[in-house]
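J.: Let me give you the structure first, and then I'll get to my questions.
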Amino acid sequence: MTPELLTQIAALKPEIYLTLGIVLTVIADLVFGVRGRNLVAVLGLAAVGMALWCLADPAGSHPERVFGMLTFDGYARFFRALIISATGIVILHAVVFRGMENVSRNEFVPMLLGTALGGSLLVSTDNLVMLLLSLELLSLNSYLLAGWQRKERRSSEAALKYLVYGALASAIMIFGFSLLYGISGSLSLPVIGAGVSAAWSGGVLGTTQLVVIVATALVLVGFGFKIAAFPFHFWAPDVYEGAPTPVTTFLAVASKAAGFGVLIRFLDAVFLGEALNAEWLPRLGHVIAVISAVTMTYGNVTAVLQRNVKRMLAYSSIAHAGYLLMGVAVMTSGLDADIGLDATLFYLATYYVATLGAFGCVMALSNRFGAEDLDDYRGLGWSAPFTGAMFVLFLVSLTGLPPTAGFAGKVMLFMASLDSGLYWLAVVGAINAVVSLFYYFKIARAMYLRGDSKFIAGIPDRGVMVFFARASILALGVATVYYGLAFDGLKTWVESALL
Amino acid sequence: MDILSLIIFSPLLAAVAILLIPSERKDALRTTCVAGALVPLVLATKLWVDFDTTVASYQFGVSIDWIKSLGIQYSLGVDGLSIPMVWLAALLMFIAPFAAWKIEKGVKGFMLLLLLLETGILGVFCSLDLFLFYVFWEVMLLPMYFLIGIWGGKRREYAAIKFFLYTLAGSVLMLLGIVALYLCVRDVTPTPFSIPVLSEMVQSGQVTGANLINGGVLFGWPFLKWVFLFFFIAFAIKVPIVPFHTWLPDAHVEAPTSISMVLAGILLKLGCYGILRINLGMFPDIAMDFATIGAVIGVVSILYGAFVAMAQTDFKRMVAYSSVSHMGYVLLGASALTSAGLNGAAMQMFTHGTSSAMLFLLVGVAYDRAHHREIEGFGGLASVAPVYTGITTLGFFAALGLPGMSGFVSEFLVLVGSWGVYPVLTSLAVIGIVITAAFLLWTLQRVFLGPLNEKYKDFPDVDKREIFTLVPLAILCVLLGVVPQILLGHMEATMEQIRALFG
């Protein structure tokens, strides 16, 4: 091995630790079986911890581009940090999740690590083949995880639905890729960008332009599926509801982050890299703005009708995809791309904190009280004061009220869209915040306003892992308030992640 | 720590202390809440004494960089417009735990939320940075939602979420307005959220929105006009001004007594305060364009509120609608843009704060004993509860603006101030006074006079705790009616400065 190869491999340290984690957890499962439950979890967490530690290592100790396919820039680091840390928290919750007692949790951990590995590579690559491979690594693992409770009808249904929709979306996207390859003769995104912009140079709308439009549309279908944007969201509610809650959490946070990570890199490399026809880029921005408005409105309005909390949060996550697309729309609207990207990443970080926390509370309440539907939540705030209060805090953040991080995120998005002249989109976003309050507070209403305020013990939760799961909820809660009141640090971090 | 921060955050500290007290120790919780609310009251009184009445601009100012990347500052200060409100808020929030003493359900949560609410309210009145202002403005909503929703009456769920949704709908528009202003000035000033800086820049014509949009015109209107409108809608919902008032009767009626008192006494004033501070103080030119419309909806509110109040059979609902009517005077006075009108509007905010708080406490007294609020269901209470009758009469007189009571001075100032500008509208507003007198006296007659309703022959008179909550407010109603200068002296300089903006 040449020293140069070694330094390149050093850039892959986080991924190597994840892979190592997969191997070790599988071995531990083989050796200890069910008795090794906590060991497997600890090994998984250790792998995640090591990966995060390597990420926190200041950049510069390794080259940014590796093997001509991966770019480990600040942007990739931002997304990898989100995806991998979310994986850690999900493992923590999965170990103590009662809903999964009848199924093996030991194989669950390596599967989850594999998903994180896929996501982590997905957001780092600018090569179509690598992109496809890592996307499929992420997706295939997700399909399996969604159906983890084999004997549960809903879980199996979720997995099947996810698989069928996902395969279709992948197929469409690959077709789009093939067209892009046809235009540019390359698999590398920057070269494709050059090819696309050359294809435009004709000026009049000819066949080549048409091919670019079709290819873009097809690729966007694939990414739209991953981030659950309207009209490619159909799988999300059923999958979110049917999948075991830890998996739902992972899909809502890590998988969505990965989807946005690759979508933005794709748009940036192909459409923003070379000076594209100034007339056409804003049109792409407008298309995304419309998708954004429809997605958030659809997600929010439909969420109002839901009775199952997980399903409600699924629609909420569709709505948040709409919000995130707001920033992407600004990015592609032809003005300063950084404004939109900045807002999107910032919002994603705040969404990450609040959603992880909210699902953590869902799992905690499900463990103790078996609560699934809104009606099961009646009066639980009085019996579980800590979880209840934290849940309200995360809901406030998801709605976007101060003093929480979600508020800062919404301010950034509104700022970006007003700045770029998308006034109508800002107003739609603002009105959507009001709608979302209505259903988020259905949960608060059930927990505090309904039922008698008596103490119900439920099934007490004890153990070291439960303690750490709780601590993670508390940490997320503190982060929610902290980044709502002092978001300078978060903003600086996000700025270091701009493309 | 400076005095304003202490005033704002001492309730928050008490809230933290309450978290640590076990929920069975109810009296300890209540006492802690009272103590936590006493500190701001004492400090606000000191503030009132130390306040220099000759200075029109902000006093006791603090400014610390907060979020540097956006130029947001932690910036506080009070002037003649906000200092009466700070003191009133501190007083009512001190009375509130006493009014809620008998609540047994979830005392810990109640007292905790009450203190959080106080921090939010005081923060809004002291903020000189729009971002900080907005944070405090929204921080109030959450405690209010739970206070109405958990401890309210039968339709509490509906009332609580309605209040929340209405207010939020307004405030997201305000947020867009704040962000738009920021984008207009961010390249020109290092503190693009500062209220004094923005006011000065808007008034000197430096803010047009032309850097955002060509010519500063958006959908046919000047950019700033939209910003003005967004702010105005947010405040109009909070006041509330007809037609945005429908949340008010529900929230006031369903909320527990202490919370109705806080709602009517202070929360409505936040809307008025915003209109005076932002709409008038920051955008005088646009405010002039809208003044006539403001006066018209003010008078509509006065008349509509009064007529609807007269039609109510529910005691509390009647008081709630009378608030809509009384808030109309604030808008009318503010729209007159004259010295008397502005002073009257600002004073009406204070006097209504005391008199409506009193009325809600009085309704609470009746409800605690009779467990209903039907005006027709009482009768002849004067013979069994003389003290209660006496205080109620005083409260009613203060509310209907009897000479010698505080309400008279403020309504008189409003009418004097607006007469020269809108004679027709002012005449119509006078009709409102007559109707208010009519329904209040009619209610007085039905509840307290006439033959005693046999059901209530053992109706206990007000007890010491209730007297303790009512007396300070009653004293204020009389005192300000006789020597309004105590209050006006503090306000005049600032109100004159605002008036001067209109040439």
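Lettering and numbering for the structure tokens are positional, with chains as A, B, ... in the shown order, residues counted from 1 in each chain, and ligands counted from 1 in the shown order.
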Near chain B, meaning an atom within 8 Å, which residues of chain A appear when counting only C-alpha atoms? Write them as a PyMOL selection string.
T.: chain A and resi 401-403+411+414-415+418-419+421+426-427+430-431+433-434+437-438+445+448-449+453+486-488+491
J.: Using only C-alpha atoms, which residues sit within 6 Å of region 77-94 of chain B once same-chain residues fewer than 4 positions away are excluded, as a VMD selection string?
T.: chain B and resid 37 to 38 40 to 41 44 57 to 61 125 to 126 490 to 491 494
J.: DSSP on the backbone, alpha helix (DSSP H) only: what residues of region 348-476 of chain A does that give? Format it as an MDAnalysis selection string.
T.: chainID A and resid 348:369 380:383 385:399 405:419 423:444 464:476
J.: Tell me, as a PyMOL selection string, which residues lie within 7 Å of Ala309 (chain B), counting only C-alpha atoms; anything in the same chain fewer than 6 positions away does not count.
T.: chain B and resi 318+321-322
J.: Store the residues picked out above, limited to all heavy atoms, as a CSV table (one decimal), in the first residue's frame.
T.:
```
chain,number,residue,atom,x,y,z
B,318,MET,N,-70.6,38.8,29.7
B,318,MET,CA,-70.9,40.2,29.6
B,318,MET,C,-69.6,41.1,29.9
B,318,MET,O,-69.3,42.0,29.1
B,318,MET,CB,-72.0,40.6,30.6
B,318,MET,CG,-72.4,42.0,30.5
B,318,MET,SD,-73.1,42.6,32.1
B,318,MET,CE,-71.6,42.9,33.0
B,321,TYR,N,-67.3,40.9,26.8
B,321,TYR,CA,-67.6,41.8,25.7
B,321,TYR,C,-67.4,43.2,26.1
B,321,TYR,O,-67.1,44.1,25.2
B,321,TYR,CB,-69.0,41.5,25.2
B,321,TYR,CG,-69.1,40.4,24.3
B,321,TYR,CD1,-69.7,39.2,24.6
B,321,TYR,CD2,-68.6,40.5,23.0
B,321,TYR,CE1,-69.7,38.1,23.7
B,321,TYR,CE2,-68.7,39.5,22.1
B,321,TYR,CZ,-69.2,38.3,22.4
B,321,TYR,OH,-69.2,37.3,21.5
B,322,SER,N,-67.6,43.6,27.3
B,322,SER,CA,-67.4,45.0,27.7
B,322,SER,C,-65.9,45.3,27.5
B,322,SER,O,-65.6,46.5,27.2
B,322,SER,CB,-67.8,45.3,29.1
B,322,SER,OG,-66.8,44.8,30.0
```
J.: Quick one: everything within 8 Å of region 302-311 of chain A, counting only C-alpha atoms, minus sequence neighbours fewer than 2 positions away in the same chain. Send it as JSON, numbers by chain.
T.: {"A": [237, 238, 240, 241, 245, 298, 299, 300, 313, 314, 315, 316, 362, 372, 373, 374, 375, 436, 438, 439, 443]}
J.: Let's see if you can do this: from backbone DSSP, list all strand (DSSP E or B) residues in region 96-263 of chain B, as a count of residues only.
T.: 7
J.: What does the distance from CA of Gly259 (chain A) to CA of Tyr482 (chain A) come to in Å, to one decimal?
T.: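 Straight-line distance from CA of Gly259 (chain A) to CA of Tyr482 (chain A) works out to 26.8 Å.
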J.: Would you mind listing what lies within 6 Å of region 171-186 of chain A as a ChimeraX atom specification, with only C-alpha atoms counted and same-chain residues fewer than 2 positions away left out?
T.: /A:168-169,188,192,195,215,218-219,222
J.: Please produce an output containing all heavy atoms for each residue in the selection, written as a compact mmCIF listing (two decimals), in the first residue's frame.
T.:
```
# COMPACT_ATOMS: atom_id res chain seq x y z
N LEU A 168 -39.56 0.94 -7.34
CA LEU A 168 -40.07 1.70 -8.47
C LEU A 168 -39.32 3.03 -8.59
O LEU A 168 -38.86 3.42 -9.67
CB LEU A 168 -41.57 1.95 -8.29
CG LEU A 168 -42.24 2.70 -9.44
CD1 LEU A 168 -42.25 1.85 -10.69
CD2 LEU A 168 -43.66 3.09 -9.06
N ALA A 169 -39.20 3.72 -7.44
CA ALA A 169 -38.53 5.02 -7.45
C ALA A 169 -37.09 4.88 -7.90
O ALA A 169 -36.59 5.68 -8.69
CB ALA A 169 -38.60 5.66 -6.07
N SER A 188 -19.48 11.21 -13.20
CA SER A 188 -19.14 12.15 -12.14
C SER A 188 -20.04 13.39 -12.21
O SER A 188 -20.21 13.97 -13.29
CB SER A 188 -17.67 12.53 -12.28
OG SER A 188 -17.41 13.72 -11.61
N ILE A 192 -21.04 15.88 -15.33
CA ILE A 192 -22.41 15.89 -15.83
C ILE A 192 -22.94 17.32 -15.86
O ILE A 192 -23.61 17.74 -16.80
CB ILE A 192 -23.31 15.00 -14.93
CG1 ILE A 192 -22.92 13.54 -15.12
CG2 ILE A 192 -24.78 15.20 -15.27
CD1 ILE A 192 -23.64 12.60 -14.21
N GLY A 195 -21.70 18.93 -18.83
CA GLY A 195 -22.41 18.40 -19.99
C GLY A 195 -23.79 19.01 -20.12
O GLY A 195 -24.24 19.39 -21.20
N ALA A 215 -34.59 14.02 -17.75
CA ALA A 215 -33.65 13.36 -16.83
C ALA A 215 -33.75 13.96 -15.44
O ALA A 215 -33.80 13.23 -14.44
CB ALA A 215 -32.22 13.50 -17.37
N LEU A 218 -36.88 12.80 -13.74
CA LEU A 218 -36.82 11.39 -13.30
C LEU A 218 -35.96 11.24 -12.06
O LEU A 218 -36.31 10.51 -11.12
CB LEU A 218 -36.28 10.52 -14.44
CG LEU A 218 -37.17 10.43 -15.68
CD1 LEU A 218 -36.49 9.59 -16.75
CD2 LEU A 218 -38.52 9.84 -15.33
N VAL A 219 -34.84 11.94 -12.05
CA VAL A 219 -33.96 11.83 -10.88
C VAL A 219 -34.64 12.41 -9.65
O VAL A 219 -34.57 11.86 -8.54
CB VAL A 219 -32.62 12.55 -11.16
CG1 VAL A 219 -31.78 12.60 -9.90
CG2 VAL A 219 -31.86 11.84 -12.27
N GLY A 222 -36.82 10.05 -7.79
CA GLY A 222 -36.11 9.16 -6.87
C GLY A 222 -35.80 9.83 -5.54
O GLY A 222 -36.06 9.29 -4.47
```
J.: What's around region 38-44 of chain A at 8 Å? Count only C-alpha atoms, leave out sequence neighbours fewer than 4 positions away in its own chain, and write the answer as a VMD selection string.
T.: chain A and resid 21 to 22 24 to 25 28 to 29 48 88 91 to 92 95 106 109 to 110 113
J.: Neighbours of region 356-370 of chain B within 6 Å (only C-alpha atoms; same-chain residues fewer than 3 positions away dropped), as a VMD selection string?
T.: chain B and resid 257 261 265 352 to 353 373
J.: Could you turn the residues from that selection into a file that holds N, CA, C and O atoms, as a PDB file, in the first residue's frame?
T.:
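Contents of part-v3.pdb, as written:
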```
ATOM      1  N   THR B 257     -60.808  32.196  37.158  1.00  0.00           N
ATOM      2  CA  THR B 257     -60.903  33.615  37.507  1.00  0.00           C
ATOM      3  C   THR B 257     -59.569  34.352  37.399  1.00  0.00           C
ATOM      4  O   THR B 257     -59.474  35.402  36.765  1.00  0.00           O
ATOM      5  N   MET B 261     -58.610  37.347  34.735  1.00  0.00           N
ATOM      6  CA  MET B 261     -58.146  38.632  35.228  1.00  0.00           C
ATOM      7  C   MET B 261     -56.858  39.046  34.506  1.00  0.00           C
ATOM      8  O   MET B 261     -56.730  40.178  34.038  1.00  0.00           O
ATOM      9  N   GLY B 265     -56.733  42.018  32.046  1.00  0.00           N
ATOM     10  CA  GLY B 265     -55.952  43.085  32.650  1.00  0.00           C
ATOM     11  C   GLY B 265     -54.675  43.401  31.900  1.00  0.00           C
ATOM     12  O   GLY B 265     -54.324  44.568  31.769  1.00  0.00           O
ATOM     13  N   HIS B 352     -58.402  50.376  32.302  1.00  0.00           N
ATOM     14  CA  HIS B 352     -59.154  49.159  31.994  1.00  0.00           C
ATOM     15  C   HIS B 352     -58.483  47.949  32.620  1.00  0.00           C
ATOM     16  O   HIS B 352     -59.150  47.008  33.044  1.00  0.00           O
ATOM     17  N   GLY B 353     -57.158  47.996  32.699  1.00  0.00           N
ATOM     18  CA  GLY B 353     -56.438  46.907  33.350  1.00  0.00           C
ATOM     19  C   GLY B 353     -56.873  46.722  34.789  1.00  0.00           C
ATOM     20  O   GLY B 353     -57.028  45.602  35.269  1.00  0.00           O
ATOM     21  N   ARG B 373     -73.354  31.438  36.479  1.00  0.00           N
ATOM     22  CA  ARG B 373     -73.066  32.844  36.220  1.00  0.00           C
ATOM     23  C   ARG B 373     -74.225  33.529  35.526  1.00  0.00           C
ATOM     24  O   ARG B 373     -74.066  34.546  34.876  1.00  0.00           O
TER      25      ARG B 373
END
```
J.: Have a look at CA of Gly388 (chain A) and CA of Ile21 (chain B) and let me know their distance in Å, one decimal.
T.: 18.4 Å
J.: Looking at only C-alpha atoms, which of B:Leu440, B:Leu115, B:Ile278, B:Ala336 is the one that sits closest to Gly298 (chain B)?
T.: B:Ala336
J.: One number please: CA of Thr404 (chain A) to CA of Leu348 (chain A), in Å, one decimal.
T.: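 Interatomic distance, CA of Thr404 (chain A) to CA of Leu348 (chain A): 13.9 Å.
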J.: Can you build me a table of region 309-391 of chain B residues sitting at most 9 Å from region 449-466 of chain B, with the closest atom pair per residue and its distance in Å to one decimal, using only C-alpha atoms, sorted by chain and residue number, as a Markdown table?
T.:
```
| residue | atom | partner | partner_atom | distance |
| --- | --- | --- | --- | --- |
| B:Leu361 | CA | B:Glu466 | CA | 8.2 |
| B:Leu362 | CA | B:Glu466 | CA | 8.8 |
| B:Val365 | CA | B:Val462 | CA | 7.2 |
| B:Arg369 | CA | B:Phe459 | CA | 7.1 |
| B:Ala370 | CA | B:Tyr456 | CA | 7.9 |
| B:Gly377 | CA | B:Asn453 | CA | 8.0 |
| B:Phe378 | CA | B:Asn453 | CA | 6.1 |
| B:Gly379 | CA | B:Asn453 | CA | 5.3 |
| B:Gly380 | CA | B:Leu452 | CA | 3.9 |
| B:Leu381 | CA | B:Leu452 | CA | 6.2 |
| B:Ala382 | CA | B:Leu449 | CA | 6.1 |
| B:Ser383 | CA | B:Leu452 | CA | 7.3 |
| B:Val384 | CA | B:Phe459 | CA | 6.3 |
| B:Ala385 | CA | B:Asp461 | CA | 4.5 |
| B:Pro386 | CA | B:Asp461 | CA | 7.1 |
| B:Val387 | CA | B:Asp461 | CA | 6.6 |
| B:Tyr388 | CA | B:Val462 | CA | 5.7 |
| B:Thr389 | CA | B:Asp461 | CA | 8.9 |
```
J.: Using only C-alpha atoms, find the one residue out of B:Ser355, B:Thr393, B:Ser63, B:Ser410 that sits nearest to Ile475 (chain B).
T.: B:Ser355
J.: For each of B:Gly205, B:Gly420, B:Gly341, B:Pro192, take the minimum atom-to-atom distance to Leu128 (chain B), counting only C-alpha atoms, then give the residue where this is smallest.
T.: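 When distances to Leu128 (chain B) are compared using only C-alpha atoms, the smallest one comes from B:Pro192.
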